[in-house]
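Each remark here refers to the structure printed beneath this line.
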Amino acid sequence: MLFRSEVVAVQEPSGYLNTYYAGDRAKDRMEPEVQRTGHELYNLGHMIQGAIAFYRATGERTLLDSSIRFVNGYLLPNFGPGPDKKPILSGHPEIELALIELYRTEGDKRHLELAGYILQGDDRIKLPQRQYVYHFSGIPFTSRTHLEGHAVRAMYACCGAADYYLETGDAAYLKTLDVLWDDLVSAQMYVTGGVGARAQGEAFGEAYELPNSTAYGESCAAIGNMMWNWRMLAATGDAKYVDVIERALYNGINSGMSLDGTLYCYRNPLGFDPSGGDQIRNPWYDTTCCPPNLERTFASLPGYFYSTSKDGLYVHLYDNSLLDWHLEDGTGLKVVQKTNYPWDGAAEIAVTPAKPTEFTFYLRIPGWSDGTVVSVNGKPVAQAVPGKYLALRRHWSPGDTIAVKFGMTPQVIAANPRVVEDYGRVAVQRGPLVYCLEELDQPEGVVLSDVSLDLRPPSASAFHEEFRKDLLGGIVVLQHSGAVSGKSSSRDGLYYRYAAEGAKAQQVELRFIPYYAWANRAATPMQVWTPILRT
């Protein structure tokens, strides 16, 4: 309570609250250039969202009322469309989704309208092309045709636009969001669910520009990817969005925090060599967005597991959990999951309505799962399709149980040939987890840059799986036959005459660990995409 009181104590009578733009800097408040680079509205947006979350959890309104005073007392009277008001530019999108969440909480339609105005852009603030590309704002959101510019900004802008569609039903927004999502999954997203190819500008690159060692993949961008797909799921009920949520969560997001919770990744590359002196995990950063963003994401995970609809309940994610909620008609409902997911594909789900009730239980079948087996009270249920929800319509009674077993056979993943860095290479995935190689796990003397994965018959037959309770907090380790290229003096130079060298390759067992767990031990080279042994 003391912290909240201190925040409110420095709020000005106008409602303005930002201690940086005070004193000599007060003259710069909400100036167009400050709106573009100063993060005033970005910080306000996070304050609003934090205040709403705290209010919903506790019923305490101190920060919420302070946020409302800022918006109603300062923003609305002074900024917006019309000749008597000044324009707004969302230099780092965030305020849009915060205003819409405030509208959902308070019911004041002015908040929704202000968000719509910001999403539309105001041509009174003139931006050159490079700036409306980088900021992903300043022009009508519905004019966008592909993802570009700063990856976090783009993801947050898509979140705000999806929220606006959810509250208004404006079909132009959904059409644009569909176009951008197709661009994401067909040409811009890493296999880990990370986004952002370029360190310069923390930005998207061209289509299929997905470098590994220089990948930016900021933790906040992967979080933004998850947030956007959650909203697309709410808009459509399509399980394909949960596949992206799960991919980002288990890989590109989860890699952002060390296993002991004390170190963080700002960027999350898919290849790494520590010999250049780069320290990938650090206790803090000058730009402090990723650590608290990771923590709030993990804290909010219970809200991602289930959804209700008029005809029933959806289960999106799998883990040991208890849902104590109700159907939309008010009928009380408890759902208990017991599972060892993601290490094991089996889950048991106990369904306990307050009274026998007919509704549909929508069970998500992950897109990566082949041969999923489902039963209700021991009776097999057919028609489980990967990447879809299995609709289980019946009269549910206390004691009913769903058993599901997902296929968890490790899969070898290839990239589109236009992703030039991954040509001739493959990644390994088991369940929702993408795997990688760290050099310290390989046989002594093996250099990671010299290894290849042997997928020639019969070597390609299977991965060896082993759960190691003593390693990296408890993980399933994968092993598969590979090879180390033969050494040759002709390869010592930068360029050399090509010759097939398969006969000189040394056979080794390669050891893979989940990508999220990399960089938690000694500094060592890492790679997600591994060459295939071709001869």
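In the structure tokens, the first chain shown is A, the next is B, and so on; residue numbers restart at 1 for each chain, and ligands run from 1 in the order shown.
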Please identify all polymer residues within 12 Å of Gly277 (chain A), counting only C-alpha atoms, omitting same-chain residues fewer than 3 positions from it, and present them as a ChimeraX atom specification.
/A:272-274,280,523-525
Shell of 9 Å around Ala203 (chain A), only C-alpha atoms, local chain residues under 4 positions omitted, as a list in words
Tyr134, Glu148, Gly149, His150, Ala151, Val152, Val195, Gly196, Ala197, Arg198, Ala199 and Tyr216 of chain A
Output C-alpha atoms of each residue in that selection to a file, as an mmCIF file, in the first residue's frame.
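Result file selection04.cif:
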```cif
data_model
loop_
_atom_site.group_PDB
_atom_site.id
_atom_site.type_symbol
_atom_site.label_atom_id
_atom_site.label_comp_id
_atom_site.auth_asym_id
_atom_site.auth_seq_id
_atom_site.Cartn_x
_atom_site.Cartn_y
_atom_site.Cartn_z
ATOM 1 C CA TYR A 134 10.307 1.461 -37.305
ATOM 2 C CA GLU A 148 8.437 -4.607 -40.505
ATOM 3 C CA GLY A 149 10.375 -2.315 -38.215
ATOM 4 C CA HIS A 150 10.945 -2.778 -34.494
ATOM 5 C CA ALA A 151 9.724 -6.282 -33.610
ATOM 6 C CA VAL A 152 8.354 -5.503 -30.138
ATOM 7 C CA VAL A 195 10.715 -12.779 -33.822
ATOM 8 C CA GLY A 196 13.120 -10.063 -34.876
ATOM 9 C CA ALA A 197 15.931 -10.946 -37.258
ATOM 10 C CA ARG A 198 18.123 -7.857 -36.987
ATOM 11 C CA ALA A 199 20.024 -6.357 -34.074
ATOM 12 C CA TYR A 216 17.838 -10.697 -32.274
#
```
Considering only C-alpha atoms, can you say which of A:Pro77, A:Gly107, A:Pro87, A:Gly237 comes closest to Glu33 (chain A)?
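Closest residue, counting only C-alpha atoms: A:Pro87.
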Using only C-alpha atoms, determine which residues lie at most 9 Å from region 400-414 of chain A, disregarding the query and same-chain residues fewer than 5 positions distant; provide the list as a ChimeraX atom specification.
/A:191,342-352,365-366,368-378,422-432,462-463,465,478,529
Taking only residues of region 271-339 of chain A that have an atom at most 12 Å from an atom of region 39-57 of chain A, what is each one's shortest atom pair and its distance in Å to one decimal, using only C-alpha atoms, in chain and number order, as JSON lines?
```
{"residue": "A:Cys289", "atom": "CA", "partner": "A:Asn43", "partner_atom": "CA", "distance": 10.8}
{"residue": "A:Pro292", "atom": "CA", "partner": "A:His46", "partner_atom": "CA", "distance": 11.1}
{"residue": "A:Asn293", "atom": "CA", "partner": "A:His46", "partner_atom": "CA", "distance": 10.3}
{"residue": "A:Arg296", "atom": "CA", "partner": "A:Gly50", "partner_atom": "CA", "distance": 9.5}
{"residue": "A:Ala299", "atom": "CA", "partner": "A:Ala53", "partner_atom": "CA", "distance": 11.2}
{"residue": "A:Ser300", "atom": "CA", "partner": "A:Ala53", "partner_atom": "CA", "distance": 9.7}
{"residue": "A:Gly303", "atom": "CA", "partner": "A:Ala53", "partner_atom": "CA", "distance": 11.6}
```
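Distance check against Asn520 (chain A) using only C-alpha atoms: of A:His92, A:His480, A:Arg144, A:Arg281, the minimum falls on A:Arg281.
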Could you go through region 341-498 of chain A and tell me which residues DSSP, when run on the backbone, assigns to helix (DSSP H, G or I), listing them as a ChimeraX atom specification?
/A:420-422,439-441,448-450,459-461,489-491
For the selection just defined, write its residues with C-alpha atoms to a file, as a PDB file, in the first residue's frame.
```pdb
ATOM      1  CA  VAL A 420      19.481 -19.511 -46.625  1.00  0.00           C
ATOM      2  CA  GLU A 421      21.159 -19.925 -43.215  1.00  0.00           C
ATOM      3  CA  ASP A 422      19.267 -23.166 -42.612  1.00  0.00           C
ATOM      4  CA  GLU A 439      29.382 -28.138 -27.227  1.00  0.00           C
ATOM      5  CA  LEU A 440      30.032 -29.109 -23.609  1.00  0.00           C
ATOM      6  CA  ASP A 441      27.573 -32.016 -23.964  1.00  0.00           C
ATOM      7  CA  LEU A 448      30.316 -28.023 -32.617  1.00  0.00           C
ATOM      8  CA  SER A 449      31.006 -26.337 -35.933  1.00  0.00           C
ATOM      9  CA  ASP A 450      32.353 -29.658 -37.290  1.00  0.00           C
ATOM     10  CA  SER A 459      20.951 -44.207 -38.444  1.00  0.00           C
ATOM     11  CA  ALA A 460      17.804 -42.131 -38.911  1.00  0.00           C
ATOM     12  CA  SER A 461      15.591 -44.757 -37.295  1.00  0.00           C
ATOM     13  CA  SER A 489      45.094 -29.254 -44.124  1.00  0.00           C
ATOM     14  CA  SER A 490      43.217 -28.040 -47.217  1.00  0.00           C
ATOM     15  CA  ARG A 491      40.499 -26.711 -44.888  1.00  0.00           C
TER      16      ARG A 491
END
```
Selected residue, from A:Val528, A:Val508, A:Leu533, A:Ala187, that lies nearest to Leu455 (chain A) when counting only C-alpha atoms
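Among the listed residues, the smallest separation from Leu455 (chain A) belongs to A:Leu533.
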Distance criterion (only C-alpha atoms): nearest to Ala354 (chain A) out of A:Gly312, A:Gly399, A:Pro140, A:Pro83
A:Gly399
